[in-house]
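Pasting my_file02.cif here (mmCIF, C-alpha atoms and all ligand atoms):
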```cif
data_upload
#
loop_
_atom_site.label_atom_id
_atom_site.label_comp_id
_atom_site.auth_asym_id
_atom_site.auth_seq_id
_atom_site.Cartn_x
_atom_site.Cartn_y
_atom_site.Cartn_z
CA MET A 1 -177.47 -59.36 157.34
CA ASN A 2 -174.73 -58.15 155.07
CA ARG A 3 -172.02 -60.22 153.54
CA ARG A 4 -169.39 -58.99 155.93
CA LYS A 5 -171.42 -59.93 158.96
CA PHE A 6 -172.00 -63.32 157.43
CA LEU A 7 -168.30 -63.77 156.94
CA THR A 8 -167.55 -62.66 160.48
CA LEU A 9 -170.12 -65.10 161.80
CA SER A 10 -168.69 -67.83 159.63
CA ALA A 11 -165.23 -67.14 160.96
CA LEU A 12 -166.40 -67.17 164.59
CA SER A 13 -168.16 -70.46 164.18
CA ALA A 14 -165.56 -72.00 161.89
CA PRO A 15 -165.00 -75.13 163.98
CA LEU A 16 -168.70 -75.87 163.82
CA LEU A 17 -169.13 -75.04 160.19
CA SER A 18 -166.04 -76.39 158.56
CA PHE A 19 -167.12 -80.02 158.27
CA GLN A 20 -169.02 -81.23 155.25
CA ARG A 21 -172.03 -83.56 155.42
CA PRO A 22 -171.30 -87.25 155.93
CA LEU A 23 -171.59 -89.13 152.65
CA THR A 24 -174.30 -91.50 153.75
CA GLY A 25 -178.07 -91.52 153.27
CA SER A 26 -180.09 -89.10 151.18
CA THR A 27 -181.26 -85.60 151.89
CA LYS A 28 -184.13 -84.11 149.98
CA PRO A 29 -185.36 -81.60 149.38
CA ILE A 30 -182.27 -79.46 149.62
CA VAL A 31 -180.94 -76.28 148.03
CA VAL A 32 -177.38 -74.96 147.99
CA SER A 33 -176.17 -71.67 146.61
CA THR A 34 -173.00 -69.67 146.17
CA TRP A 35 -171.91 -67.11 148.74
CA ASP A 36 -173.52 -65.99 151.97
CA SER A 37 -176.00 -63.96 149.96
CA GLY A 38 -177.41 -67.41 149.16
CA MET A 39 -179.16 -67.58 152.56
CA PRO A 40 -182.25 -65.54 151.58
CA VAL A 41 -182.05 -67.02 148.09
CA ASN A 42 -182.27 -70.49 149.60
CA ALA A 43 -185.21 -69.35 151.73
CA ALA A 44 -187.07 -68.30 148.57
CA ALA A 45 -186.31 -71.66 146.94
CA TRP A 46 -187.27 -73.51 150.12
CA GLU A 47 -190.76 -71.98 150.04
CA ILE A 48 -191.31 -74.09 146.94
CA LEU A 49 -189.26 -77.18 147.80
CA SER A 50 -190.87 -77.58 151.23
CA LYS A 51 -194.32 -77.62 149.62
CA ASN A 52 -193.40 -80.45 147.29
CA GLY A 53 -192.64 -78.07 144.44
CA THR A 54 -190.18 -78.82 141.67
CA SER A 55 -186.50 -78.05 141.84
CA LEU A 56 -186.90 -76.09 138.60
CA ASP A 57 -189.47 -73.72 140.12
CA ALA A 58 -187.36 -73.50 143.27
CA VAL A 59 -184.14 -72.41 141.56
CA GLU A 60 -185.99 -69.89 139.43
CA ALA A 61 -187.65 -68.44 142.54
CA GLY A 62 -184.28 -68.14 144.28
CA ALA A 63 -182.73 -66.37 141.31
CA ILE A 64 -185.72 -64.03 140.98
CA TYR A 65 -185.35 -63.14 144.62
CA ILE A 66 -181.79 -61.92 144.22
CA GLU A 67 -182.45 -60.24 140.89
CA ASN A 68 -185.06 -58.15 142.75
CA GLN A 69 -182.52 -56.71 145.17
CA ILE A 70 -181.35 -53.21 144.45
CA ASN A 71 -177.62 -52.52 144.89
CA CYS A 72 -176.94 -56.20 144.62
CA CYS A 73 -174.15 -58.12 143.03
CA VAL A 74 -176.41 -59.53 140.35
CA GLY A 75 -179.29 -58.19 138.31
CA LEU A 76 -179.79 -54.65 137.10
CA GLY A 77 -178.28 -53.21 140.30
CA GLY A 78 -174.93 -54.88 139.53
CA TYR A 79 -171.69 -53.45 138.22
CA PRO A 80 -171.60 -52.16 134.67
CA ASP A 81 -169.13 -53.01 131.93
CA ARG A 82 -166.38 -50.56 131.02
CA ASP A 83 -168.84 -48.53 128.93
CA GLY A 84 -171.11 -48.10 131.95
CA ILE A 85 -173.76 -50.56 130.76
CA VAL A 86 -175.12 -53.41 132.90
CA THR A 87 -175.36 -56.61 130.86
CA LEU A 88 -176.84 -59.72 132.42
CA ASP A 89 -176.01 -63.41 131.95
CA SER A 90 -178.20 -66.24 133.19
CA CYS A 91 -179.05 -69.87 132.64
CA ILE A 92 -181.28 -72.62 133.96
CA MET A 93 -181.18 -76.42 133.58
CA ASP A 94 -183.44 -79.23 134.75
CA GLU A 95 -183.26 -82.95 135.42
CA LYS A 96 -183.95 -83.85 131.80
CA ALA A 97 -181.09 -81.73 130.49
CA ASN A 98 -183.56 -79.15 129.26
CA CYS A 99 -181.75 -75.83 129.44
CA GLY A 100 -182.03 -72.19 128.44
CA ALA A 101 -179.76 -69.18 128.71
CA VAL A 102 -179.38 -65.50 127.92
CA ALA A 103 -176.19 -63.47 127.68
CA GLY A 104 -175.48 -59.77 127.39
CA LEU A 105 -179.11 -59.00 128.17
CA GLU A 106 -179.78 -55.32 128.88
CA ARG A 107 -182.61 -53.59 130.78
CA ILE A 108 -184.58 -56.72 131.69
CA LYS A 109 -185.12 -57.33 135.39
CA HIS A 110 -185.35 -61.12 135.42
CA PRO A 111 -182.89 -62.75 133.05
CA ILE A 112 -183.48 -66.10 134.79
CA SER A 113 -187.12 -66.10 133.70
CA VAL A 114 -186.15 -65.16 130.16
CA ALA A 115 -183.67 -68.09 130.22
CA ARG A 116 -186.49 -70.37 131.32
CA LYS A 117 -188.66 -69.14 128.47
CA VAL A 118 -185.80 -69.82 126.03
CA MET A 119 -185.71 -73.34 127.44
CA GLU A 120 -189.45 -73.93 127.31
CA ASN A 121 -190.62 -71.95 124.31
CA THR A 122 -187.82 -72.21 121.75
CA PRO A 123 -185.76 -74.94 120.10
CA HIS A 124 -182.61 -73.05 121.18
CA VAL A 125 -180.44 -72.96 124.28
CA LEU A 126 -178.79 -69.52 124.27
CA LEU A 127 -179.95 -66.09 123.09
CA VAL A 128 -177.65 -63.08 123.27
CA GLY A 129 -177.71 -59.29 123.27
CA ALA A 130 -180.35 -57.49 121.23
CA GLY A 131 -181.93 -60.77 120.15
CA ALA A 132 -182.33 -61.88 123.75
CA GLN A 133 -183.89 -58.54 124.63
CA GLN A 134 -186.26 -58.72 121.66
CA PHE A 135 -187.29 -62.24 122.70
CA ALA A 136 -187.88 -61.02 126.27
CA LEU A 137 -190.11 -58.18 125.08
CA GLU A 138 -192.06 -60.52 122.82
CA ASN A 139 -192.64 -62.73 125.84
CA GLY A 140 -194.13 -60.06 128.06
CA PHE A 141 -191.05 -58.74 129.89
CA THR A 142 -190.77 -54.97 130.14
CA LEU A 143 -187.86 -52.67 129.45
CA GLU A 144 -186.42 -51.11 132.60
CA PRO A 145 -184.77 -47.67 132.53
CA GLN A 146 -181.12 -47.71 131.50
CA GLN A 147 -179.58 -46.47 134.71
CA LEU A 148 -177.06 -47.70 137.24
CA SER A 149 -177.96 -48.29 140.86
CA GLU A 150 -176.68 -45.58 143.17
CA ASP A 151 -173.80 -47.73 144.43
CA ALA A 152 -172.82 -48.99 141.01
CA GLN A 153 -172.81 -45.43 139.71
CA LYS A 154 -170.41 -44.30 142.44
CA ALA A 155 -168.16 -47.32 141.95
CA TYR A 156 -168.05 -46.82 138.22
CA LYS A 157 -167.14 -43.16 138.64
CA GLU A 158 -164.25 -44.15 140.90
CA TRP A 159 -163.16 -46.89 138.56
CA LEU A 160 -163.13 -44.53 135.57
CA LYS A 161 -160.29 -42.57 137.23
CA LYS A 162 -157.88 -45.42 136.42
CA SER A 163 -160.00 -47.62 134.16
CA GLU A 164 -158.03 -50.76 135.02
CA TYR A 165 -159.64 -54.16 134.52
CA LYS A 166 -158.32 -56.09 137.45
CA PRO A 167 -160.56 -58.58 139.24
CA VAL A 168 -159.54 -58.80 142.88
CA ILE A 169 -159.82 -62.02 144.84
CA ASN A 170 -162.55 -61.93 147.48
CA ILE A 171 -161.84 -58.30 147.90
CA GLU A 172 -163.85 -57.82 151.08
CA ASN A 173 -161.31 -59.88 152.98
CA ILE A 174 -158.40 -57.66 152.13
CA LYS A 175 -159.81 -54.15 151.90
CA PRO A 176 -162.22 -52.14 154.01
CA VAL A 177 -165.64 -52.34 152.44
CA LYS A 178 -167.77 -49.25 152.17
CA GLN A 179 -171.32 -49.44 153.44
CA HIS A 180 -173.30 -51.18 150.79
CA GLY A 181 -176.53 -53.05 150.22
CA PRO A 182 -177.44 -56.11 152.24
CA PHE A 183 -176.41 -58.65 149.65
CA ALA A 184 -172.94 -58.04 148.36
CA PRO A 185 -170.24 -55.46 148.11
CA ALA A 186 -171.43 -52.86 145.71
CA PHE A 187 -168.30 -50.78 145.61
CA PHE A 188 -165.01 -50.04 147.27
CA ASP A 189 -163.11 -46.82 147.90
CA ASP A 190 -161.29 -47.03 144.59
CA GLY A 191 -164.22 -48.53 142.69
CA SER A 192 -162.31 -51.82 142.48
CA PRO A 193 -164.11 -54.47 140.53
CA ASN A 194 -165.26 -57.50 142.41
CA HIS A 195 -167.04 -60.54 141.15
CA ASP A 196 -170.21 -62.10 142.38
CA THR A 197 -172.62 -64.53 140.89
CA MET A 198 -175.61 -66.32 142.29
CA GLY A 199 -175.57 -69.99 141.37
CA LEU A 200 -178.01 -72.36 143.00
CA LEU A 201 -178.69 -76.07 142.82
CA ALA A 202 -181.74 -77.88 144.19
CA LEU A 203 -182.90 -81.46 144.65
CA ASP A 204 -186.65 -81.88 145.11
CA ASN A 205 -188.79 -84.56 146.74
CA LEU A 206 -188.91 -86.55 143.51
CA PHE A 207 -185.09 -86.68 143.42
CA ASN A 208 -185.00 -84.26 140.50
CA LEU A 209 -182.10 -81.85 140.28
CA SER A 210 -182.15 -78.38 138.72
CA GLY A 211 -179.80 -75.42 138.72
CA ALA A 212 -179.87 -71.71 137.93
CA VAL A 213 -177.26 -68.99 137.61
CA THR A 214 -177.73 -65.24 137.37
CA THR A 215 -175.13 -62.49 137.25
CA SER A 216 -174.12 -59.12 135.91
CA GLY A 217 -170.76 -60.74 135.19
CA MET A 218 -167.30 -59.38 135.83
CA ALA A 219 -167.35 -55.67 136.55
CA TYR A 220 -165.85 -53.37 133.92
CA LYS A 221 -165.58 -56.14 131.34
CA ILE A 222 -165.38 -55.25 127.66
CA HIS A 223 -168.87 -54.57 126.33
CA GLY A 224 -170.05 -57.84 124.81
CA ARG A 225 -167.93 -60.09 127.02
CA VAL A 226 -169.78 -63.21 128.17
CA GLY A 227 -168.56 -65.15 131.19
CA ASP A 228 -169.07 -68.72 132.29
CA SER A 229 -172.38 -68.09 134.03
CA PRO A 230 -174.78 -68.55 131.07
CA ILE A 231 -172.70 -71.28 129.44
CA ILE A 232 -174.06 -74.78 130.07
CA GLY A 233 -171.14 -76.96 131.17
CA ALA A 234 -169.16 -73.96 132.37
CA GLY A 235 -171.21 -71.97 134.92
CA LEU A 236 -173.84 -74.68 135.40
CA PHE A 237 -174.32 -78.32 134.63
CA VAL A 238 -176.99 -80.78 135.77
CA ASP A 239 -177.11 -84.51 135.14
CA ASN A 240 -179.78 -86.27 137.14
CA GLU A 241 -177.90 -89.56 136.96
CA VAL A 242 -175.08 -88.01 138.95
CA GLY A 243 -175.42 -84.48 140.27
CA ALA A 244 -175.16 -80.79 139.51
CA ALA A 245 -172.52 -78.09 139.82
CA THR A 246 -172.20 -74.32 139.57
CA SER A 247 -169.32 -71.88 139.74
CA SER A 248 -168.32 -68.37 140.70
CA GLY A 249 -165.16 -66.44 139.95
CA VAL A 250 -163.17 -65.60 136.86
CA GLY A 251 -165.40 -67.04 134.17
CA GLU A 252 -162.75 -67.32 131.48
CA GLU A 253 -160.90 -69.97 133.51
CA VAL A 254 -164.11 -71.89 134.07
CA ILE A 255 -164.98 -71.83 130.37
CA ARG A 256 -161.48 -73.02 129.40
CA THR A 257 -161.91 -76.13 131.53
CA CYS A 258 -165.67 -76.72 131.02
CA GLY A 259 -165.65 -76.36 134.79
CA THR A 260 -169.02 -77.58 136.00
CA HIS A 261 -169.21 -80.36 133.42
CA THR A 262 -165.83 -81.46 134.70
CA VAL A 263 -167.11 -81.46 138.29
CA VAL A 264 -170.13 -83.59 137.34
CA GLU A 265 -167.95 -86.02 135.40
CA PHE A 266 -165.70 -86.45 138.43
CA MET A 267 -168.78 -87.18 140.53
CA ARG A 268 -169.77 -89.76 137.91
CA GLN A 269 -166.41 -91.43 138.50
CA GLY A 270 -167.31 -91.75 142.17
CA TYR A 271 -165.75 -88.66 143.70
CA SER A 272 -167.69 -86.92 146.45
CA PRO A 273 -169.02 -83.43 145.61
CA THR A 274 -166.14 -81.81 147.53
CA ALA A 275 -163.49 -84.03 145.94
CA ALA A 276 -164.97 -83.48 142.47
CA CYS A 277 -164.86 -79.70 142.94
CA LYS A 278 -161.28 -80.02 144.15
CA LYS A 279 -160.26 -81.98 141.05
CA ALA A 280 -161.79 -79.29 138.82
CA VAL A 281 -159.98 -76.54 140.74
CA GLU A 282 -156.72 -78.47 140.42
CA ARG A 283 -157.21 -78.63 136.68
CA ILE A 284 -157.44 -74.83 136.49
CA VAL A 285 -154.40 -74.35 138.70
CA LYS A 286 -152.32 -76.93 136.85
CA ARG A 287 -152.96 -75.23 133.53
CA ASN A 288 -151.43 -71.98 134.73
CA PRO A 289 -150.15 -72.06 138.33
CA GLN A 290 -148.78 -68.52 138.17
CA LYS A 291 -152.04 -67.00 137.01
CA ALA A 292 -154.04 -69.10 139.47
CA LYS A 293 -152.36 -67.26 142.35
CA GLU A 294 -154.08 -64.07 141.27
CA ILE A 295 -157.58 -65.26 140.57
CA GLN A 296 -160.48 -66.88 142.32
CA VAL A 297 -162.71 -69.67 141.08
CA GLY A 298 -165.06 -71.59 143.34
CA PHE A 299 -167.14 -74.64 142.46
CA LEU A 300 -170.22 -75.84 144.34
CA ALA A 301 -171.74 -79.28 143.74
CA LEU A 302 -174.81 -81.24 144.83
CA ASN A 303 -175.22 -84.89 143.95
CA ASN A 304 -178.46 -86.77 143.39
CA LYS A 305 -178.47 -88.00 147.00
CA GLY A 306 -178.46 -84.47 148.37
CA GLN A 307 -174.78 -84.53 149.35
CA TYR A 308 -172.95 -81.31 148.68
CA GLY A 309 -169.48 -79.82 148.71
CA ALA A 310 -167.39 -76.96 147.38
CA TYR A 311 -163.80 -76.12 146.60
CA ALA A 312 -162.07 -72.91 145.54
CA ILE A 313 -158.64 -71.79 144.42
CA GLN A 314 -158.36 -69.21 147.19
CA LYS A 315 -159.66 -68.74 150.68
CA GLY A 316 -162.86 -66.70 150.95
CA PHE A 317 -165.43 -68.62 148.93
CA VAL A 318 -168.46 -69.59 151.00
CA PHE A 319 -171.76 -71.24 150.20
CA SER A 320 -175.22 -71.52 151.76
CA VAL A 321 -177.23 -74.68 152.44
CA LYS A 322 -180.90 -75.18 153.30
CA SER A 323 -182.67 -78.44 154.00
CA ALA A 324 -185.05 -79.64 156.72
CA MET A 325 -181.93 -80.30 158.83
CA GLU A 326 -179.75 -77.29 158.21
CA ASN A 327 -179.75 -73.66 157.26
CA ARG A 328 -176.27 -72.24 157.28
CA ILE A 329 -173.26 -70.79 155.55
CA ILE A 330 -170.22 -73.00 155.06
CA PRO A 331 -166.73 -71.81 154.18
CA SER A 332 -165.40 -73.67 151.16
CA ARG A 333 -162.15 -75.53 151.31
CA HIS A 334 -159.44 -74.08 149.11
CA LEU A 335 -156.27 -75.11 147.32
CA LEU A 336 -153.82 -72.27 147.78
N1 LIG A 401 -168.27 -65.98 136.92
C1 LIG A 401 -168.76 -64.66 136.66
C2 LIG A 401 -168.24 -64.18 135.34
O1 LIG A 401 -167.15 -64.53 134.95
C3 LIG A 401 -168.39 -63.66 137.69
C4 LIG A 401 -168.61 -64.05 139.11
O2 LIG A 401 -168.70 -65.19 139.49
O3 LIG A 401 -168.71 -63.15 139.93
O4 LIG A 401 -168.90 -63.37 134.72
#
```
Produce structure tokens that represent the structure in this file.
Amino acid sequence: MNRRKFLTLSALSAPLLSFQRPLTGSTKPIVVSTWDSGMPVNAAAWEILSKNGTSLDAVEAGAIYIENQINCCVGLGGYPDRDGIVTLDSCIMDEKANCGAVAGLERIKHPISVARKVMENTPHVLLVGAGAQQFALENGFTLEPQQLSEDAQKAYKEWLKKSEYKPVINIENIKPVKQHGPFAPAFFDDGSPNHDTMGLLALDNLFNLSGAVTTSGMAYKIHGRVGDSPIIGAGLFVDNEVGAATSSGVGEEVIRTCGTHTVVEFMRQGYSPTAACKKAVERIVKRNPQKAKEIQVGFLALNNKGQYGAYAIQKGFVFSVKSAMENRIIPSRHLL
């Protein structure tokens, strides 16, 4: 099912879907992920969670699943930077605050697994660019051909006509989308950049939380630009004492506010996942209300009881949830 169909379905069933889980009891295992493209990602993670697997293995499996999709929003099929090169950002974090990340990684199919190797096999947290690629090759990953997916190639060609860097808010809601792959808009008539990131959070049967993020980042960015996605505390943060959070949208705004760390700290103060995400969104908007009207940022949070929630600046952000009790897409609440 493509993203548009998901959104249509979500809209049709809005009265059913718009409530958030009651804040009582515990749900585990559970996995939540950004966007409607999170449904099959959650299914991949659930394979592991439902068999008593760890949340760490589950989030990696979910991220691998989406990185495997051709013409997808993330992974090597994603949008290139303004020089026509796809650079990948990814990170992973577990219940003990172990974490690993890669940024600006080229020609490697599974940045999430490289991030996990950084976490497990090095004393470091983040490797970038050529060094990250070298590390990947040393650890058995192979170099993929340097070529854009068919859709990304067409979009980039269109975009080059004007070469404007202008992220558009949830673009599929305001413009007709061309036929594209099953996971996310690959391109639009004018090659407009969109943004899409897969962030997922899981709680396993042992009440351990983990999170993973994988993305090709903002389309048509300056070569070398790194967004929030691989930055611990910005695109992902996990604290087993409290909960975990991830983000999607204009990464610079998330970095400026240490977005997901902020969400987790609000949960520590007693806010529900939804309320904590709202507080973090408000912080972004308060800093620059004018700019906030033109951008999108969405936060998604899961606490250590399996309660979840999301909040975005603008309408259009949705997330996917899978547990033994539910398997669905939920539209996020929004501020503006
Ligand atoms: N947050 C990502 C970035 O700034 C983009 C996205 O969420 O689509 O690179």
Nearest-residue call for Ser90 of chain A, choices A:Thr246, A:Ser26, A:Thr257, A:Ser323, using only C-alpha atoms: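 Closest residue, counting only C-alpha atoms: A:Thr246.
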Closest pair table for chain A residues within 6 Å of ligand LIG 401 (chain A), only C-alpha atoms and all ligand atoms, as a tab-separated table:
```
residue	atom	partner	partner_atom	distance
A:His195	CA	A:LIG401	O3	3.3
A:Asp196	CA	A:LIG401	O3	3.1
A:Thr197	CA	A:LIG401	O2	4.2
A:Gly217	CA	A:LIG401	O4	3.3
A:Met218	CA	A:LIG401	O4	4.4
A:Gly227	CA	A:LIG401	O4	4.0
A:Asp228	CA	A:LIG401	O1	5.3
A:Ser229	CA	A:LIG401	N1	5.4
A:Ser248	CA	A:LIG401	O2	3.4
A:Gly249	CA	A:LIG401	O2	3.8
A:Val250	CA	A:LIG401	O1	4.5
A:Gly251	CA	A:LIG401	O1	3.2
```
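Neighbours of Leu206 of chain A closer than or equal to 10 Å, with all atoms listed in the file counted and sequence neighbours fewer than 6 positions away skipped, come out as Lys28, Pro29, Asn52, Gly53, Thr54 and Ser55 of chain A.
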Interatomic distance, atom CA of Asp204 of chain A to atom CA of Ile92 of chain A (Å, one decimal): 15.5 Å
Nearby residues (only C-alpha atoms) at most 6 Å from segment 266-281 of chain A, same-chain spacing under 2 positions excluded, as JSON, numbers by chain: {"A": [242, 263, 264, 283, 284, 299, 301, 308, 309, 310, 311]}
Polymer residues at most 10 Å from Ser149 of chain A, only C-alpha atoms, same-chain spacing of 5 or more positions, as an MDAnalysis selection string: chainID A and resid 70:72 76:80 86 154:155 186
Residue with smallest distance to Gly84 of chain A - pool A:Leu148, A:Leu335, A:Ile255, A:Leu137, counting only C-alpha atoms: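 Distance minimum relative to Gly84 of chain A lands on A:Leu148.
You can rank A:Glu158, A:Thr142, A:Asn205, A:Phe135 by their closest distance to Ile48 of chain A using only C-alpha atoms, and at the top of that list sits A:Asn205.
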Which of A:Ala45, A:Val297, A:Met325, A:Ala212 sits closest to Met93 of chain A [using only C-alpha atoms]: A:Ala212
Pick from A:Met198, A:Ile222, A:Ile85, A:Leu105 nearest to Pro40 of chain A, counting all atoms listed in the file: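 Looking at the shortest contact to Pro40 of chain A, the residue is A:Met198.
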Shell around Leu56 of chain A at 8 Å using only C-alpha atoms, local window under 3 positions removed, as a PyMOL selection string: chain A and resi 59-60+93-94+202+209-211
Those residues with C-alpha atoms, as an mmCIF file, in the coordinates of the input please?
```cif
data_model
loop_
_atom_site.group_PDB
_atom_site.id
_atom_site.type_symbol
_atom_site.label_atom_id
_atom_site.label_comp_id
_atom_site.auth_asym_id
_atom_site.auth_seq_id
_atom_site.Cartn_x
_atom_site.Cartn_y
_atom_site.Cartn_z
ATOM 1 C CA VAL A 59 -184.140 -72.410 141.560
ATOM 2 C CA GLU A 60 -185.990 -69.890 139.430
ATOM 3 C CA MET A 93 -181.180 -76.420 133.580
ATOM 4 C CA ASP A 94 -183.440 -79.230 134.750
ATOM 5 C CA ALA A 202 -181.740 -77.880 144.190
ATOM 6 C CA LEU A 209 -182.100 -81.850 140.280
ATOM 7 C CA SER A 210 -182.150 -78.380 138.720
ATOM 8 C CA GLY A 211 -179.800 -75.420 138.720
#
```
Gap from atom CA of Leu336 of chain A to atom CA of Gly259 of chain A - Å, one decimal: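 Spanning atom CA of Leu336 of chain A to atom CA of Gly259 of chain A is a straight-line distance of 18.0 Å.
Between Ala324 of chain A and the residues A:Thr34, A:Gly306, A:Arg225, A:Ile66, the shortest atom-to-atom distance, using only C-alpha atoms, involves A:Gly306.
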Length of the atom CA of Tyr165 of chain A to atom CA of Val128 of chain A vector [Å]: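 So the answer is 23.0 Å.
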